[in-house]
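K.L.:
The structure is given below, and queries will be raised subsequently.
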Amino acid sequence: MVKSVAEMTVIEKEELLKKISKELKDTLSETRYLHSVSTMKKAKELAKEYHQEEYIVMLTALAHDIAKEMTLEQYLAYAKKNEIILDDYDKTETTMLHGKIGANMVAKKYGFTKEMQDAIYYHTTGRAGMTLLDKIIFLADKSEDKREGPEAEKLRTKIKEQGLDQAILWDIENAIIPKMIAKQRLIHPNSIEARNDIVKKKRK
Ligand SMILES: [Fe+2]
Ligand SMILES: [Fe+2]
């Protein structure tokens with residue numbers, strides 16, 4: 001049985017961070033590894049600003065793309081072996097599968113808590129009722145400093161000037177949805193629900 005992160009001391013969390021970093025360095029491409037480290041740095045900044053436990057946020061951010069470079073065959077084999085149910089979106093939009101598979105992997109390999117798993121599960125789509133950890137991981141991934149281009153720039157400004165919810169809303173409406181339409185791909189209902197949830201809360 002892997003020890004749960006919830007029961008780990010600060011030193012154990014620090015060791016786990018080093019272990020994951022080494023494993024990702026050995027298994028991911030260099031670009032993806034550097035993106036993971038940069039996402040961790042951005043997430044740490046946000047954790048400080050929003051008073052979240054830094055190690056929980058850093059561990060989650062570092063491991064968020066752990067399953068990103070698996071092949072479709074590997075996803076399907078992993079899902080079968082671990083009894084993960086795949087829906088129509090998983091089967092059609094397989095790039096989104098890395099969140100679902102990754103969330104399962106980090107629990108089994110590293111003892112990530114449900115809250116940490118969820119933030120990885122939903123990091124590409126968002127969801128209704130996002131937790132602060134969900135929001136930090138979602139945004140750190142898309143706005144980390146190595147990401148170039150107008151979208152990442154805009155997102156960094158939005159986070160600073162208008163906060164997490166407005167930045168997520170902007171990203172869903174101006175990046176996720178238009179991109180999926182342009183590519184004639186399916187828009188995941190979780191993104192629509194995340195967007196509607198923020199709009200609803202704004203009205204109150
Ligand atoms: Fe990802
Ligand atoms: Fe990522």
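The chains in the structure tokens are called A, B, ... from first to last as shown; in each chain the residues are counted from 1, and the ligands are counted from 1 in the order shown.
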Near Lys114 in chain A, within 10 Å and counting only C-alpha atoms, which residues show up once chain neighbours fewer than 2 positions away are dropped, as a VMD selection string?

P.N.:
chain A and resid 4 6 103 to 104 107 111 to 112 116 to 120

K.L.:
Could you report the residues within 12 Å of ligand 1, using only C-alpha atoms and all ligand atoms, as a ChimeraX atom specification?

P.N.:
/A:32-33,35-36,39,60-70,94-103,119-126,137-142

K.L.:
Give me, as an NGL selection string, the residues of range 2-62 of chain A that a backbone DSSP run labels helix (DSSP H, G or I).

P.N.:
:A and (5-7 or 10-27 or 30-49 or 54-62)

K.L.:
Pick the closest to Gly163 in chain A from A:Leu34, A:Leu46, A:Ile56, A:Ile85: which is it, counting only C-alpha atoms?

P.N.:
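Checking each of A:Leu34, A:Leu46, A:Ile56, A:Ile85 against Gly163 in chain A, counting only C-alpha atoms, the winner is A:Leu46.
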
K.L.:
For ligand 2, which of A:Glu144, A:Glu193, A:Glu161, A:Asp171 is the closest residue, counting only C-alpha atoms and all ligand atoms?

P.N.:
A:Glu144

K.L.:
So, counting only C-alpha atoms, which residue among A:Lys81, A:Tyr55, A:Ile198, A:Gly129 is closest to Ile11 in chain A?

P.N.:
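Of all the options, A:Tyr55 lies closest to Ile11 in chain A.
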
K.L.:
List as a ChimeraX atom specification the protein and nucleic acid residues near range 172-189 of chain A, meaning an atom at most 8 Å away when only C-alpha atoms are counted, but skip any in the same chain fewer than 6 places from it.

P.N.:
/A:89,92-93,125,151,195

K.L.:
Ala128 in chain A: which residues within 12 Å, counting only C-alpha atoms, same-chain residues fewer than 5 positions away excluded, as a PDB file with N, CA and C atoms, in the first residue's frame?

P.N.:
ATOM      1  N   TYR A 122      -9.402  16.925 -14.096  1.00  0.00           N
ATOM      2  CA  TYR A 122     -10.142  17.996 -14.794  1.00  0.00           C
ATOM      3  C   TYR A 122      -9.247  19.106 -15.342  1.00  0.00           C
ATOM      4  N   ASP A 134      -8.166  22.810  -8.136  1.00  0.00           N
ATOM      5  CA  ASP A 134      -8.517  22.623  -9.567  1.00  0.00           C
ATOM      6  C   ASP A 134      -8.154  23.871 -10.371  1.00  0.00           C
ATOM      7  N   LYS A 135      -8.545  25.019  -9.831  1.00  0.00           N
ATOM      8  CA  LYS A 135      -8.350  26.281 -10.560  1.00  0.00           C
ATOM      9  C   LYS A 135      -6.866  26.586 -10.742  1.00  0.00           C
ATOM     10  N   ASP A 165     -11.240  32.978 -11.327  1.00  0.00           N
ATOM     11  CA  ASP A 165     -12.488  32.647 -12.029  1.00  0.00           C
ATOM     12  C   ASP A 165     -12.591  33.352 -13.382  1.00  0.00           C
ATOM     13  N   ILE A 168     -10.277  31.755 -15.876  1.00  0.00           N
ATOM     14  CA  ILE A 168     -10.793  30.473 -16.379  1.00  0.00           C
ATOM     15  C   ILE A 168     -11.915  30.724 -17.387  1.00  0.00           C
ATOM     16  N   LEU A 169     -12.812  31.633 -17.031  1.00  0.00           N
ATOM     17  CA  LEU A 169     -13.922  31.966 -17.925  1.00  0.00           C
ATOM     18  C   LEU A 169     -13.381  32.441 -19.275  1.00  0.00           C
ATOM     19  N   PRO A 189     -18.513  18.505 -22.223  1.00  0.00           N
ATOM     20  CA  PRO A 189     -19.534  19.137 -21.386  1.00  0.00           C
ATOM     21  C   PRO A 189     -18.974  19.706 -20.079  1.00  0.00           C
ATOM     22  N   ASN A 190     -17.895  19.150 -19.588  1.00  0.00           N
ATOM     23  CA  ASN A 190     -17.309  19.700 -18.352  1.00  0.00           C
ATOM     24  C   ASN A 190     -16.845  21.150 -18.545  1.00  0.00           C
ATOM     25  N   SER A 191     -16.382  21.476 -19.748  1.00  0.00           N
ATOM     26  CA  SER A 191     -15.949  22.857 -20.014  1.00  0.00           C
ATOM     27  C   SER A 191     -17.152  23.788 -20.041  1.00  0.00           C
ATOM     28  N   ILE A 192     -18.229  23.329 -20.658  1.00  0.00           N
ATOM     29  CA  ILE A 192     -19.460  24.127 -20.699  1.00  0.00           C
ATOM     30  C   ILE A 192     -19.978  24.322 -19.262  1.00  0.00           C
ATOM     31  N   GLU A 193     -19.961  23.242 -18.494  1.00  0.00           N
ATOM     32  CA  GLU A 193     -20.456  23.332 -17.109  1.00  0.00           C
ATOM     33  C   GLU A 193     -19.584  24.247 -16.255  1.00  0.00           C
ATOM     34  N   ALA A 194     -18.278  24.180 -16.472  1.00  0.00           N
ATOM     35  CA  ALA A 194     -17.362  25.059 -15.721  1.00  0.00           C
ATOM     36  C   ALA A 194     -17.677  26.510 -16.054  1.00  0.00           C
ATOM     37  N   ARG A 195     -17.880  26.781 -17.341  1.00  0.00           N
ATOM     38  CA  ARG A 195     -18.183  28.135 -17.814  1.00  0.00           C
ATOM     39  C   ARG A 195     -19.514  28.625 -17.237  1.00  0.00           C
ATOM     40  N   ASN A 196     -20.551  27.804 -17.343  1.00  0.00           N
ATOM     41  CA  ASN A 196     -21.871  28.209 -16.842  1.00  0.00           C
ATOM     42  C   ASN A 196     -21.854  28.448 -15.335  1.00  0.00           C
ATOM     43  N   ASP A 197     -21.118  27.618 -14.640  1.00  0.00           N
ATOM     44  CA  ASP A 197     -21.006  27.735 -13.190  1.00  0.00           C
ATOM     45  C   ASP A 197     -20.397  29.086 -12.783  1.00  0.00           C
ATOM     46  N   ILE A 198     -19.363  29.502 -13.498  1.00  0.00           N
ATOM     47  CA  ILE A 198     -18.721  30.786 -13.188  1.00  0.00           C
ATOM     48  C   ILE A 198     -19.672  31.941 -13.533  1.00  0.00           C
ATOM     49  N   VAL A 199     -20.347  31.832 -14.672  1.00  0.00           N
ATOM     50  CA  VAL A 199     -21.293  32.877 -15.090  1.00  0.00           C
ATOM     51  C   VAL A 199     -22.411  33.017 -14.050  1.00  0.00           C
ATOM     52  N   LYS A 200     -22.935  31.874 -13.590  1.00  0.00           N
ATOM     53  CA  LYS A 200     -24.014  31.865 -12.593  1.00  0.00           C
ATOM     54  C   LYS A 200     -23.565  32.547 -11.307  1.00  0.00           C
ATOM     55  N   LYS A 201     -22.358  32.190 -10.859  1.00  0.00           N
ATOM     56  CA  LYS A 201     -21.850  32.751  -9.598  1.00  0.00           C
ATOM     57  C   LYS A 201     -21.604  34.250  -9.705  1.00  0.00           C
TER      58      LYS A 201
END

K.L.:
To one decimal place, how far is CA of Lys109 in chain A from CA of Leu72 in chain A in Å?

P.N.:
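CA of Leu72 in chain A lies at a distance of 20.6 Å from CA of Lys109 in chain A.
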